[in-house]
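**Q** So I've got this file, upload23.csv, and it contains CSV, C-alpha atoms (C1' of nucleotides):
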chain,number,residue,atom,x,y,z
D,1,MET,CA,24.1,-21.3,-33.0
D,2,ALA,CA,25.1,-21.6,-29.4
D,3,THR,CA,23.0,-23.8,-27.1
D,4,PHE,CA,23.3,-24.1,-23.3
D,5,ALA,CA,22.8,-26.7,-20.7
D,6,ILE,CA,20.4,-25.9,-17.9
D,7,GLY,CA,23.3,-25.1,-15.6
D,8,ASP,CA,24.8,-22.6,-18.0
D,9,VAL,CA,21.5,-20.9,-18.3
D,10,ALA,CA,21.2,-20.8,-14.5
D,11,ARG,CA,24.7,-19.2,-14.3
D,12,ARG,CA,24.0,-16.7,-17.0
D,13,THR,CA,20.6,-15.6,-15.8
D,14,GLY,CA,21.0,-15.9,-12.0
D,15,VAL,CA,17.9,-18.2,-11.9
D,16,LYS,CA,18.4,-21.5,-10.1
D,17,VAL,CA,18.3,-24.7,-12.0
D,18,SER,CA,15.3,-26.0,-10.0
D,19,THR,CA,13.5,-22.7,-10.7
D,20,ILE,CA,14.0,-23.1,-14.4
D,21,ARG,CA,12.5,-26.5,-14.3
D,22,TYR,CA,9.7,-25.2,-12.2
D,23,TYR,CA,8.9,-22.5,-14.7
D,24,GLU,CA,8.8,-25.1,-17.4
D,25,SER,CA,6.5,-27.2,-15.3
D,26,ILE,CA,3.9,-24.4,-15.0
D,27,GLY,CA,4.3,-23.5,-18.7
D,28,LEU,CA,6.0,-20.2,-18.2
D,29,LEU,CA,8.9,-21.5,-20.3
D,30,PRO,CA,8.5,-23.7,-23.3
D,31,ARG,CA,9.7,-27.3,-23.2
D,32,PRO,CA,13.2,-27.2,-24.6
D,33,GLU,CA,14.9,-29.5,-27.0
D,34,ARG,CA,16.6,-32.5,-25.4
D,35,THR,CA,19.8,-34.2,-26.2
D,36,ALA,CA,19.9,-37.9,-27.0
D,37,SER,CA,20.5,-38.5,-23.3
D,38,ASN,CA,17.4,-36.5,-22.3
D,39,ARG,CA,19.1,-33.3,-21.2
D,40,ARG,CA,17.5,-30.0,-21.8
D,41,THR,CA,19.3,-27.6,-24.3
D,42,TYR,CA,18.4,-24.0,-24.5
D,43,GLY,CA,19.0,-21.3,-27.1
D,44,GLU,CA,19.7,-17.5,-26.8
D,45,GLN,CA,16.1,-16.6,-26.9
D,46,LEU,CA,15.4,-18.5,-23.7
D,47,LEU,CA,18.1,-16.6,-21.8
D,48,GLN,CA,16.2,-13.3,-22.6
D,49,ARG,CA,12.9,-14.7,-21.7
D,50,LEU,CA,14.2,-16.0,-18.4
D,51,SER,CA,16.0,-12.8,-17.5
D,52,PHE,CA,12.8,-11.0,-18.2
D,53,ILE,CA,10.9,-13.3,-15.8
D,54,ARG,CA,13.6,-12.9,-13.1
D,55,HIS,CA,13.6,-9.1,-13.2
D,56,SER,CA,9.9,-9.0,-13.3
D,57,ARG,CA,9.6,-11.2,-10.2
D,58,GLU,CA,12.2,-9.1,-8.4
D,59,LEU,CA,10.1,-6.0,-9.2
D,60,GLY,CA,7.2,-7.7,-7.5
D,61,PHE,CA,5.1,-8.7,-10.5
D,62,GLU,CA,3.1,-11.9,-10.1
D,63,ILE,CA,3.4,-14.8,-12.4
D,64,PRO,CA,0.0,-14.3,-14.0
D,65,ALA,CA,1.0,-10.8,-15.0
D,66,ILE,CA,4.3,-12.0,-16.4
D,67,ARG,CA,2.5,-14.7,-18.3
D,68,GLU,CA,0.3,-12.1,-19.8
D,69,LEU,CA,3.2,-9.9,-20.9
D,70,LEU,CA,5.1,-12.8,-22.3
D,71,GLY,CA,1.9,-13.8,-24.1
D,72,LEU,CA,1.9,-10.3,-25.7
D,73,ALA,CA,5.5,-10.7,-26.8
D,74,ASP,CA,4.8,-14.2,-28.1
D,75,SER,CA,2.0,-13.2,-30.4
D,76,PRO,CA,2.7,-9.8,-31.9
D,77,THR,CA,-0.3,-10.5,-34.1
D,78,ALA,CA,-2.7,-10.5,-31.2
D,79,SER,CA,-5.6,-8.0,-31.0
D,80,CYS,CA,-4.1,-4.6,-30.6
D,81,ALA,CA,-7.0,-3.6,-28.4
D,82,ASP,CA,-6.2,-6.4,-26.0
D,83,ALA,CA,-2.5,-5.7,-25.9
D,84,ASP,CA,-3.2,-2.0,-25.4
D,85,SER,CA,-5.5,-2.6,-22.4
D,86,ILE,CA,-3.1,-5.0,-20.8
D,87,ALA,CA,-0.2,-2.7,-21.4
D,88,ARG,CA,-2.0,0.3,-20.1
D,89,GLN,CA,-3.0,-1.5,-16.9
D,90,ARG,CA,0.5,-2.6,-16.4
D,91,LEU,CA,1.7,0.9,-16.9
D,92,HIS,CA,-0.4,2.2,-14.1
D,93,GLU,CA,1.0,-0.5,-11.8
D,94,ILE,CA,4.5,0.4,-12.8
D,95,ASP,CA,3.9,4.1,-12.2
D,96,SER,CA,2.6,3.4,-8.8
D,97,LYS,CA,5.6,1.2,-8.0
D,98,LEU,CA,8.0,3.9,-9.3
D,99,GLU,CA,6.4,6.5,-7.2
D,100,ARG,CA,6.6,4.5,-4.0
D,101,LEU,CA,10.1,3.4,-4.8
D,102,GLN,CA,11.2,6.9,-5.3
D,103,ALA,CA,9.5,8.0,-2.0
D,104,LEU,CA,11.3,5.2,-0.2
D,105,ARG,CA,14.6,6.1,-1.9
D,106,ALA,CA,14.4,9.7,-0.9
D,107,GLU,CA,13.7,8.9,2.7
D,108,ILE,CA,16.5,6.3,3.0
D,109,GLN,CA,18.9,8.7,1.3
D,110,GLY,CA,17.8,11.3,3.8
D,111,MET,CA,18.7,8.8,6.5
D,112,VAL,CA,22.1,8.2,5.1
D,113,ASP,CA,22.7,12.0,4.8
D,114,THR,CA,21.5,12.6,8.4
D,115,CYS,CA,23.7,9.8,9.6
D,116,SER,CA,26.8,11.2,7.8
D,117,ARG,CA,26.3,14.5,9.6
D,118,GLY,CA,26.6,12.6,12.9
D,119,ARG,CA,22.9,12.7,13.8
D,120,VAL,CA,20.6,9.8,14.2
D,121,ALA,CA,18.1,8.6,11.7
D,122,THR,CA,14.4,9.2,12.4
D,123,CYS,CA,11.7,7.0,11.4
D,124,ARG,CA,10.6,9.0,8.4
D,125,VAL,CA,11.4,6.0,6.4
D,126,ILE,CA,8.2,4.4,7.4
D,127,ALA,CA,6.2,7.5,6.9
D,128,ALA,CA,7.6,7.7,3.3
D,129,LEU,CA,5.7,4.7,2.2
D,130,ALA,CA,2.9,4.8,4.7
D,131,GLU,CA,1.6,8.2,3.7
D,132,ASN,CA,0.3,7.6,0.2
D,133,SER,CA,-1.7,4.7,1.5
D,134,ALA,CA,-3.5,3.7,-1.7
D,135,ASP,CA,-7.2,3.1,-1.6
D,136,GLN,CA,-8.3,5.0,1.5
D,137,GLY,CA,-6.6,8.4,1.4
D,138,ARG,CA,-5.7,9.2,5.0
D,139,GLU,CA,-3.1,11.6,6.2
D,140,MET,CA,-1.7,12.4,9.6
D,141,ALA,CA,-0.2,15.4,11.1
D,142,SER,CA,3.5,15.8,11.2
D,143,ALA,CA,3.4,16.1,15.0
D,144,ASP,CA,1.7,12.8,15.2
D,145,GLU,CA,4.3,11.1,13.0
D,146,ARG,CA,7.2,12.3,15.1
D,147,ALA,CA,5.5,11.5,18.4
D,148,GLY,CA,4.6,8.1,17.1
D,149,CYS,CA,8.0,7.5,15.8
D,150,ARG,CA,9.8,8.3,19.0
D,151,THR,CA,8.8,5.1,20.7
D,152,ASP,CA,11.9,4.0,22.6
D,153,ARG,CA,10.6,0.5,23.2
D,154,PRO,CA,11.0,-1.5,19.9
D,155,LEU,CA,8.1,-4.0,19.7
D,156,GLY,CA,6.5,-4.3,23.1
D,157,GLY,CA,2.9,-3.4,24.0
D,158,ARG,CA,2.6,0.2,25.1
D,159,PRO,CA,0.4,1.3,28.0
D,160,ASN,CA,-2.9,2.1,26.6
D,161,GLY,CA,-6.3,1.5,28.2
D,162,THR,CA,-8.9,-0.2,26.2
D,163,VAL,CA,-10.7,2.5,24.4
D,164,ARG,CA,-13.8,2.1,22.3
D,165,ARG,CA,-13.2,2.8,18.7
D,166,LYS,CA,-15.5,4.9,16.7
D,167,ALA,CA,-17.4,2.7,14.2
D,168,VAL,CA,-16.8,3.4,10.6
D,169,ARG,CA,-19.0,1.2,8.5
D,170,ARG,CA,-18.3,0.5,4.9
I,1,MET,CA,-7.2,8.9,20.7
I,2,ALA,CA,-8.8,6.6,18.1
I,3,THR,CA,-8.3,2.9,18.1
I,4,PHE,CA,-9.3,0.4,15.5
I,5,ALA,CA,-10.5,-3.2,15.3
I,6,ILE,CA,-8.6,-5.5,13.1
I,7,GLY,CA,-11.2,-5.3,10.4
I,8,ASP,CA,-10.9,-1.5,10.3
I,9,VAL,CA,-7.2,-1.7,10.0
I,10,ALA,CA,-7.6,-4.2,7.2
I,11,ARG,CA,-9.9,-1.9,5.3
I,12,ARG,CA,-7.7,1.2,5.8
I,13,THR,CA,-4.4,-0.4,4.8
I,14,GLY,CA,-5.6,-2.9,2.2
I,15,VAL,CA,-4.0,-5.8,4.2
I,16,LYS,CA,-6.1,-8.8,4.8
I,17,VAL,CA,-7.2,-9.6,8.4
I,18,SER,CA,-5.5,-12.9,8.3
I,19,THR,CA,-2.3,-11.3,7.0
I,20,ILE,CA,-2.3,-8.9,9.9
I,21,ARG,CA,-2.6,-11.8,12.3
I,22,TYR,CA,0.2,-13.6,10.4
I,23,TYR,CA,2.5,-10.6,10.6
I,24,GLU,CA,1.9,-10.5,14.4
I,25,SER,CA,2.6,-14.2,14.6
I,26,ILE,CA,6.1,-13.7,13.0
I,27,GLY,CA,6.8,-10.7,15.1
I,28,LEU,CA,6.7,-8.1,12.3
I,29,LEU,CA,3.9,-6.4,14.1
I,30,PRO,CA,3.8,-5.9,17.9
I,31,ARG,CA,1.2,-7.7,19.9
I,32,PRO,CA,-1.7,-5.2,20.2
I,33,GLU,CA,-3.7,-4.4,23.2
I,34,ARG,CA,-6.8,-6.5,23.6
I,35,THR,CA,-10.3,-5.6,24.7
I,36,ALA,CA,-11.9,-7.4,27.7
I,37,SER,CA,-13.4,-9.8,25.2
I,38,ASN,CA,-9.9,-10.6,23.7
I,39,ARG,CA,-10.2,-8.6,20.5
I,40,ARG,CA,-7.2,-6.8,19.1
I,41,THR,CA,-7.2,-3.0,19.2
I,42,TYR,CA,-4.8,-0.9,17.1
I,43,GLY,CA,-3.7,2.7,17.2
I,44,GLU,CA,-2.6,5.1,14.4
I,45,GLN,CA,1.0,4.1,14.6
I,46,LEU,CA,0.2,0.6,13.5
I,47,LEU,CA,-1.6,1.8,10.4
I,48,GLN,CA,1.6,3.4,9.3
I,49,ARG,CA,3.7,0.5,10.1
I,50,LEU,CA,1.4,-1.9,8.3
I,51,SER,CA,1.1,0.4,5.2
I,52,PHE,CA,4.9,0.5,5.1
I,53,ILE,CA,5.1,-3.3,5.1
I,54,ARG,CA,2.4,-3.6,2.5
I,55,HIS,CA,4.1,-1.2,0.1
I,56,SER,CA,7.5,-2.7,0.7
I,57,ARG,CA,6.2,-6.2,-0.1
I,58,GLU,CA,4.5,-4.9,-3.2
I,59,LEU,CA,7.8,-3.5,-4.3
I,60,GLY,CA,9.4,-6.9,-4.0
I,61,PHE,CA,11.2,-6.5,-0.7
I,62,GLU,CA,11.5,-9.6,1.4
I,63,ILE,CA,10.4,-9.8,5.0
I,64,PRO,CA,13.9,-9.9,6.5
I,65,ALA,CA,14.7,-6.7,4.7
I,66,ILE,CA,11.5,-5.1,5.9
I,67,ARG,CA,12.2,-6.3,9.4
I,68,GLU,CA,15.6,-4.6,9.2
I,69,LEU,CA,14.3,-1.3,8.1
I,70,LEU,CA,11.6,-1.4,10.7
I,71,GLY,CA,14.2,-2.2,13.3
I,72,LEU,CA,16.1,0.9,12.2
I,73,ALA,CA,13.0,3.0,12.6
I,74,ASP,CA,12.2,1.4,15.9
I,75,SER,CA,15.5,2.2,17.5
I,76,PRO,CA,16.8,5.6,16.2
I,77,THR,CA,19.5,5.3,18.9
I,78,ALA,CA,21.1,2.3,17.1
I,79,SER,CA,24.6,2.5,15.9
I,80,CYS,CA,24.9,5.0,13.1
I,81,ALA,CA,27.4,2.9,11.3
I,82,ASP,CA,25.0,-0.1,11.3
I,83,ALA,CA,22.1,2.0,10.1
I,84,ASP,CA,24.2,3.6,7.5
I,85,SER,CA,25.4,0.3,6.0
I,86,ILE,CA,22.0,-1.2,6.0
I,87,ALA,CA,20.5,1.9,4.4
I,88,ARG,CA,23.2,2.2,1.8
I,89,GLN,CA,22.8,-1.4,0.8
I,90,ARG,CA,19.1,-0.9,0.5
I,91,LEU,CA,19.7,2.2,-1.6
I,92,HIS,CA,21.6,0.2,-4.2
I,93,GLU,CA,18.8,-2.4,-4.4
I,94,ILE,CA,16.3,0.4,-4.8
I,95,ASP,CA,18.3,2.1,-7.6
I,96,SER,CA,18.6,-1.2,-9.4
I,97,LYS,CA,14.8,-1.7,-9.1
I,98,LEU,CA,14.2,1.8,-10.3
I,99,GLU,CA,16.4,1.4,-13.3
I,100,ARG,CA,14.7,-1.8,-14.4
I,101,LEU,CA,11.3,-0.5,-13.7
I,102,GLN,CA,12.0,2.5,-15.8
I,103,ALA,CA,13.3,0.4,-18.6
I,104,LEU,CA,10.2,-1.7,-18.5
I,105,ARG,CA,8.0,1.3,-18.4
I,106,ALA,CA,9.6,2.8,-21.4
I,107,GLU,CA,9.1,-0.3,-23.4
I,108,ILE,CA,5.5,-0.9,-22.4
I,109,GLN,CA,4.9,2.8,-23.2
I,110,GLY,CA,6.4,2.2,-26.6
I,111,MET,CA,4.2,-0.7,-27.1
I,112,VAL,CA,1.1,1.4,-26.3
I,113,ASP,CA,2.3,4.1,-28.7
I,114,THR,CA,3.0,1.7,-31.5
I,115,CYS,CA,-0.4,0.2,-31.0
I,116,SER,CA,-2.1,3.5,-31.1
I,117,ARG,CA,-0.5,4.1,-34.5
I,118,GLY,CA,-2.2,1.0,-35.7
I,119,ARG,CA,0.9,-1.1,-35.8
I,120,VAL,CA,1.6,-4.2,-33.8
I,121,ALA,CA,3.7,-4.4,-30.7
I,122,THR,CA,7.1,-6.1,-31.0
I,123,CYS,CA,8.7,-8.1,-28.2
I,124,ARG,CA,11.0,-5.3,-27.2
I,125,VAL,CA,9.3,-5.5,-23.8
I,126,ILE,CA,11.3,-8.6,-23.0
I,127,ALA,CA,14.5,-7.2,-24.2
I,128,ALA,CA,14.0,-4.2,-22.0
I,129,LEU,CA,14.5,-6.2,-18.9
I,130,ALA,CA,16.6,-9.0,-20.3
I,131,GLU,CA,19.4,-6.8,-21.3
I,132,ASN,CA,20.8,-5.4,-18.1
I,133,SER,CA,21.1,-9.0,-16.9
I,134,ALA,CA,22.7,-8.3,-13.5
I,135,ASP,CA,25.7,-10.4,-12.4
I,136,GLN,CA,27.0,-11.7,-15.7
I,137,GLY,CA,27.2,-8.8,-18.0
I,138,ARG,CA,26.1,-10.1,-21.3
I,139,GLU,CA,24.9,-8.1,-24.2
I,140,MET,CA,23.5,-9.1,-27.5
I,141,ALA,CA,23.5,-7.3,-30.8
I,142,SER,CA,20.4,-5.5,-31.9
I,143,ALA,CA,20.1,-7.8,-34.9
I,144,ASP,CA,20.1,-10.8,-32.6
I,145,GLU,CA,17.4,-9.3,-30.4
I,146,ARG,CA,15.1,-8.7,-33.3
I,147,ALA,CA,15.9,-12.1,-34.8
I,148,GLY,CA,15.2,-13.8,-31.5
I,149,CYS,CA,12.0,-11.7,-31.0
I,150,ARG,CA,10.6,-12.5,-34.4
I,151,THR,CA,9.8,-16.0,-33.7
I,152,ASP,CA,6.6,-16.7,-35.5
I,153,ARG,CA,5.7,-19.7,-33.5
I,154,PRO,CA,4.6,-18.5,-30.1
I,155,LEU,CA,6.0,-21.1,-27.7
I,156,GLY,CA,7.4,-23.8,-29.7
I,157,GLY,CA,4.2,-25.7,-29.5
I,158,ARG,CA,2.7,-24.8,-26.1
I,159,PRO,CA,3.7,-27.4,-23.5
I,160,ASN,CA,1.0,-29.9,-23.4
I,161,GLY,CA,0.9,-31.2,-19.8
I,162,THR,CA,0.5,-27.6,-18.7
I,163,VAL,CA,-1.4,-27.0,-15.6
I,164,ARG,CA,-4.3,-24.8,-16.2
I,165,ARG,CA,-4.3,-21.9,-13.9
I,166,LYS,CA,-7.4,-21.0,-11.9
I,167,ALA,CA,-8.7,-17.5,-12.1
I,168,VAL,CA,-6.9,-16.0,-9.1
I,169,ARG,CA,-6.8,-12.4,-8.2
I,170,ARG,CA,-5.7,-10.1,-5.4
R,1,DC,C1',38.9,-45.9,-16.6
R,2,DT,C1',38.0,-43.5,-12.5
R,3,DA,C1',36.2,-39.7,-10.0
R,4,DC,C1',33.5,-36.0,-9.7
R,5,DA,C1',30.2,-32.7,-11.6
R,6,DT,C1',25.9,-32.2,-13.8
R,7,DT,C1',21.6,-33.7,-15.1
R,8,DC,C1',17.3,-36.3,-14.7
R,9,DT,C1',12.6,-37.3,-12.2
R,10,DA,C1',10.0,-37.2,-8.2
R,11,DT,C1',8.9,-35.8,-3.8
R,12,DA,C1',9.1,-33.1,0.3
R,13,DG,C1',10.1,-28.7,2.6
R,14,DT,C1',10.0,-23.4,3.0
R,15,DC,C1',8.2,-18.8,2.9
R,16,DA,C1',4.5,-15.7,2.7
R,17,DC,C1',0.4,-15.8,2.9
R,18,DT,C1',-5.0,-17.3,2.6
R,19,DA,C1',-9.1,-19.9,3.5
R,20,DG,C1',-12.1,-22.6,6.4
R,21,DA,C1',-14.0,-24.8,10.6
R,22,DG,C1',-16.0,-24.1,14.9
R,23,DG,C1',-17.1,-21.1,18.4
R,24,DA,C1',-17.5,-16.4,21.0
R,25,DT,C1',-18.9,-11.3,20.7
R,26,DC,C1',-20.8,-7.2,19.0
R,27,DA,C1',-24.4,-3.9,17.0
R,28,DA,C1',-28.7,-3.1,15.4
R,29,DG,C1',-33.4,-4.0,14.5
R,30,DA,C1',-38.1,-6.3,15.7
J,1,DT,C1',-34.9,-8.6,25.3
J,2,DC,C1',-34.2,-11.6,21.7
J,3,DT,C1',-32.5,-12.5,17.3
J,4,DT,C1',-29.7,-12.1,13.4
J,5,DG,C1',-25.8,-11.2,10.9
J,6,DA,C1',-21.3,-9.3,10.9
J,7,DT,C1',-16.9,-9.5,13.0
J,8,DC,C1',-13.8,-11.5,15.9
J,9,DC,C1',-11.1,-15.4,18.1
J,10,DT,C1',-7.8,-19.8,17.5
J,11,DC,C1',-6.2,-23.5,15.0
J,12,DT,C1',-5.3,-26.1,11.0
J,13,DA,C1',-4.8,-26.9,6.3
J,14,DG,C1',-4.2,-25.2,1.6
J,15,DT,C1',-1.9,-22.3,-2.1
J,16,DG,C1',1.8,-20.0,-4.9
J,17,DA,C1',6.4,-19.7,-5.9
J,18,DC,C1',10.0,-21.6,-5.2
J,19,DT,C1',14.1,-24.7,-3.1
J,20,DA,C1',16.3,-28.8,-1.4
J,21,DT,C1',17.1,-33.7,-1.4
J,22,DA,C1',17.2,-38.5,-2.9
J,23,DG,C1',18.5,-41.8,-6.0
J,24,DA,C1',19.9,-42.9,-10.6
J,25,DA,C1',21.9,-41.8,-15.3
J,26,DT,C1',25.2,-39.2,-18.0
J,27,DG,C1',29.2,-36.0,-19.0
J,28,DT,C1',34.0,-34.8,-18.6
J,29,DA,C1',38.8,-34.0,-16.8
J,30,DG,C1',42.8,-36.3,-15.5
Just give me the structure as structure tokens.
**A**
Amino acid sequence: MATFAIGDVARRTGVKVSTIRYYESIGLLPRPERTASNRRTYGEQLLQRLSFIRHSRELGFEIPAIRELLGLADSPTASCADADSIARQRLHEIDSKLERLQALRAEIQGMVDTCSRGRVATCRVIAALAENSADQGREMASADERAGCRTDRPLGGRPNGTVRRKAVRR
Amino acid sequence: MATFAIGDVARRTGVKVSTIRYYESIGLLPRPERTASNRRTYGEQLLQRLSFIRHSRELGFEIPAIRELLGLADSPTASCADADSIARQRLHEIDSKLERLQALRAEIQGMVDTCSRGRVATCRVIAALAENSADQGREMASADERAGCRTDRPLGGRPNGTVRRKAVRR
DNA sequence: CTACATTCTATAGTCACTAGAGGATCAAGA
DNA sequence: TCTTGATCCTCTAGTGACTATAGAATGTAG
């Protein structure tokens, strides 16, 4: 059975050596076997676990969520009800991410297409993700979007008198 | 034209007040107009921009990447070649995320299904993301996966000096 | 056996927030 | 009008998740 030094693991998973040690320190990875000279040695299983962590992080999942999923995988004998509720909740999160990612993809693709036809990209990219704005469902007219987008000045403050807002209490 | 106080913006976008101020401090958001009493006032456009940032962050994009995309949207007159290469690169990243997210989704769905049939979830969840392990194309035989998964002992004797996590939520 | 790479622990730094102190302003009710 | 509580301001310090560095031990190729 093949075992790997921490550097091998880092190379194979794309996770930095120091990050692997960090994961061990917070208990996300088990303490590995050590050689006689105190060096960590890892088996195949850890490579999988670590890759899983890496991908999950890259997809924006937080460590407590990953810990929970790993916990599920660690104890297949756990209460099915627990596993089910955890899994279902995570499913919702994934679906939401998928939706938004697809919206973003479509808009960026559109930008590339527009570009390749020699015209210039508009700022629909922002609208793509901004529109399905989670909790408080708000939508704005197309005209507004375009008008808002067309700002020529990148980041500066625009001329706008101080207007009173209309109070919206919770 | 409606303007909003920072708290209104926070409520509408789901981004914390302090985070909005932080984004301003790093130049991701423009400096807003102020009232006579020095309070920030925001317009519609900022709501979109902020929602975009929020969703992007939740999808795991880093601030420099977001800054780049916002820059594209800010200056539709920028070099088409630049915009194109930035957009294409981001497209690849998105596709990779989509793929992995779908793999994870399928496996978690499978877990829920298995559960609902009264059987217990296996650890395929981890394999789902571990397999397409990016840079170094590695694959393991199905037999290996299952063998690796079937570990009866959860974590090899849970690391003892483990830091207990505080109940944290967002 | 030497030279250089890798590993070890421990500590400090970075990025992206997030919370708190201490004080000013606002909005509504008595 | 005065009070009260929510909201805002700036500034500083803390957190989560890494990431880099120092200084020492160990591994390995020539």
**Q** Give me, as an NGL selection string, all polymer residues having an atom no more than 12 Å from J:DC2, counting all atoms listed in the file and skipping those fewer than 2 positions away in the same chain.
**A** (:R and (28-30)) or (:J and (4))
**Q** Output C-alpha atoms (C1' of nucleotides) for every residue in the selection just made, as a PDB file, in the coordinates of the input.
**A**
ATOM      1  C1'  DA R  28     -28.700  -3.100  15.400  1.00  0.00           C
ATOM      2  C1'  DG R  29     -33.400  -4.000  14.500  1.00  0.00           C
ATOM      3  C1'  DA R  30     -38.100  -6.300  15.700  1.00  0.00           C
TER       4       DA R  30
ATOM      5  C1'  DT J   4     -29.700 -12.100  13.400  1.00  0.00           C
TER       6       DT J   4
END
**Q** Measuring between only C-alpha atoms, which one of I:Val17, I:Leu98, I:Ile108, I:Asp8 shows the shortest distance to I:Gly60?
**A**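 Closest candidate: I:Leu98.
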**Q** Using only C-alpha atoms (C1' of nucleotides), can you tell me which of I:Leu69, I:Ile86, I:Ala10, I:Ala36 comes closest to chain R?
**A**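 Ranking I:Leu69, I:Ile86, I:Ala10, I:Ala36 by distance to chain R, first place goes to I:Ala36.
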**Q** Between R:DA21, R:DA16, R:DT11, R:DC26, which residue has the minimum interatomic distance to J:DA20, considering all atoms listed in the file?
**A**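 Once distances to J:DA20 are computed over all atoms listed in the file, the minimum belongs to R:DT11.
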**Q** Taking only C-alpha atoms (C1' of nucleotides) into account, what are the residues of chain I at most 10 Å from chain R, put as a PDB file with C-alpha atoms, in the coordinates of the input?
**A**
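Here's the written file part.pdb:
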ATOM      1  CA  LYS I  16      -6.100  -8.800   4.800  1.00  0.00           C
ATOM      2  CA  VAL I  17      -7.200  -9.600   8.400  1.00  0.00           C
ATOM      3  CA  SER I  18      -5.500 -12.900   8.300  1.00  0.00           C
ATOM      4  CA  THR I  19      -2.300 -11.300   7.000  1.00  0.00           C
ATOM      5  CA  TYR I  22       0.200 -13.600  10.400  1.00  0.00           C
ATOM      6  CA  TYR I  23       2.500 -10.600  10.600  1.00  0.00           C
ATOM      7  CA  SER I  37     -13.400  -9.800  25.200  1.00  0.00           C
ATOM      8  CA  ASN I  38      -9.900 -10.600  23.700  1.00  0.00           C
ATOM      9  CA  ARG I  39     -10.200  -8.600  20.500  1.00  0.00           C
ATOM     10  CA  GLU I  62      11.500  -9.600   1.400  1.00  0.00           C
ATOM     11  CA  ILE I  63      10.400  -9.800   5.000  1.00  0.00           C
TER      12      ILE I  63
END
**Q** Measuring between only C-alpha atoms, which one of D:Glu68, D:Thr13, D:Arg31, D:Ile26 shows the shortest distance to D:His55?
**A**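 Distance minimum relative to D:His55 lands on D:Thr13.
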**Q** If we count all atoms listed in the file, which residues of chain J reach to within 10 Å of chain I? Please list them as a list in words.
**A**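 Using all atoms listed in the file, chain J residues at most 10 Å from chain I: DT7, DC8 and DC9 of chain J.
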**Q** Would you compute the distance between atom CA of I:Leu72 and atom CA of I:Leu46? Give it in Å to one decimal.
**A** 16.0 Å
**Q** Rounded to one decimal, what separation in Å do you get between atom CA of D:Phe61 and atom CA of I:Ile94?
**A**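 Separation of atom CA of D:Phe61 and atom CA of I:Ile94: 15.5 Å.
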**Q** Figure out the distance between atom CA of D:Arg54 and atom CA of D:Val15, please, to one decimal in Å.
**A**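 Taking atom CA of D:Val15 and atom CA of D:Arg54, their separation equals 6.9 Å.
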**Q** Around the point (17.6, -3.5, -8.3) (coordinates from the file), which residues reach within 12 Å if we count all atoms listed in the file? Answer as a compact mmCIF listing (two decimals) with C-alpha atoms, in the frame of the given file.
**A**
# COMPACT_ATOMS: atom_id res chain seq x y z
CA ARG D 54 13.60 -12.90 -13.10
CA HIS D 55 13.60 -9.10 -13.20
CA SER D 56 9.90 -9.00 -13.30
CA ARG D 57 9.60 -11.20 -10.20
CA GLU D 58 12.20 -9.10 -8.40
CA LEU D 59 10.10 -6.00 -9.20
CA GLY D 60 7.20 -7.70 -7.50
CA LEU D 101 10.10 3.40 -4.80
CA ARG D 105 14.60 6.10 -1.90
CA LEU I 59 7.80 -3.50 -4.30
CA GLY I 60 9.40 -6.90 -4.00
CA PHE I 61 11.20 -6.50 -0.70
CA GLN I 89 22.80 -1.40 0.80
CA ARG I 90 19.10 -0.90 0.50
CA LEU I 91 19.70 2.20 -1.60
CA HIS I 92 21.60 0.20 -4.20
CA GLU I 93 18.80 -2.40 -4.40
CA ILE I 94 16.30 0.40 -4.80
CA ASP I 95 18.30 2.10 -7.60
CA SER I 96 18.60 -1.20 -9.40
CA LYS I 97 14.80 -1.70 -9.10
CA LEU I 98 14.20 1.80 -10.30
CA GLU I 99 16.40 1.40 -13.30
CA ARG I 100 14.70 -1.80 -14.40
CA LEU I 101 11.30 -0.50 -13.70
CA GLN I 102 12.00 2.50 -15.80
CA ALA I 103 13.30 0.40 -18.60
CA LEU I 129 14.50 -6.20 -18.90
CA ASN I 132 20.80 -5.40 -18.10
CA SER I 133 21.10 -9.00 -16.90
CA ALA I 134 22.70 -8.30 -13.50
CA ASP I 135 25.70 -10.40 -12.40
**Q** Please identify all polymer residues lying at most 10 Å from the point (14.5, -24.8, -28.4) (file coordinates), using only C-alpha atoms (C1' of nucleotides), and present the result as a compact mmCIF listing (two decimals) with C-alpha atoms, keeping the file's coordinate frame.
**A**
# COMPACT_ATOMS: atom_id res chain seq x y z
CA THR D 3 23.00 -23.80 -27.10
CA PRO D 30 8.50 -23.70 -23.30
CA ARG D 31 9.70 -27.30 -23.20
CA PRO D 32 13.20 -27.20 -24.60
CA GLU D 33 14.90 -29.50 -27.00
CA ARG D 34 16.60 -32.50 -25.40
CA ARG D 40 17.50 -30.00 -21.80
CA THR D 41 19.30 -27.60 -24.30
CA TYR D 42 18.40 -24.00 -24.50
CA GLY D 43 19.00 -21.30 -27.10
CA GLU D 44 19.70 -17.50 -26.80
CA GLN D 45 16.10 -16.60 -26.90
CA LEU D 46 15.40 -18.50 -23.70
CA LEU I 155 6.00 -21.10 -27.70
CA GLY I 156 7.40 -23.80 -29.70
**Q** Using 5 Å of padding on each side, determine the axis-aligned box around all atoms of stretch 15-26 of chain R present in the file and give its centre and edge lengths in Å to one decimal, as JSON.
**A**
{"center_x": -6.3, "center_y": -16.0, "center_z": 11.8, "size_x": 39.0, "size_y": 27.6, "size_z": 28.4}
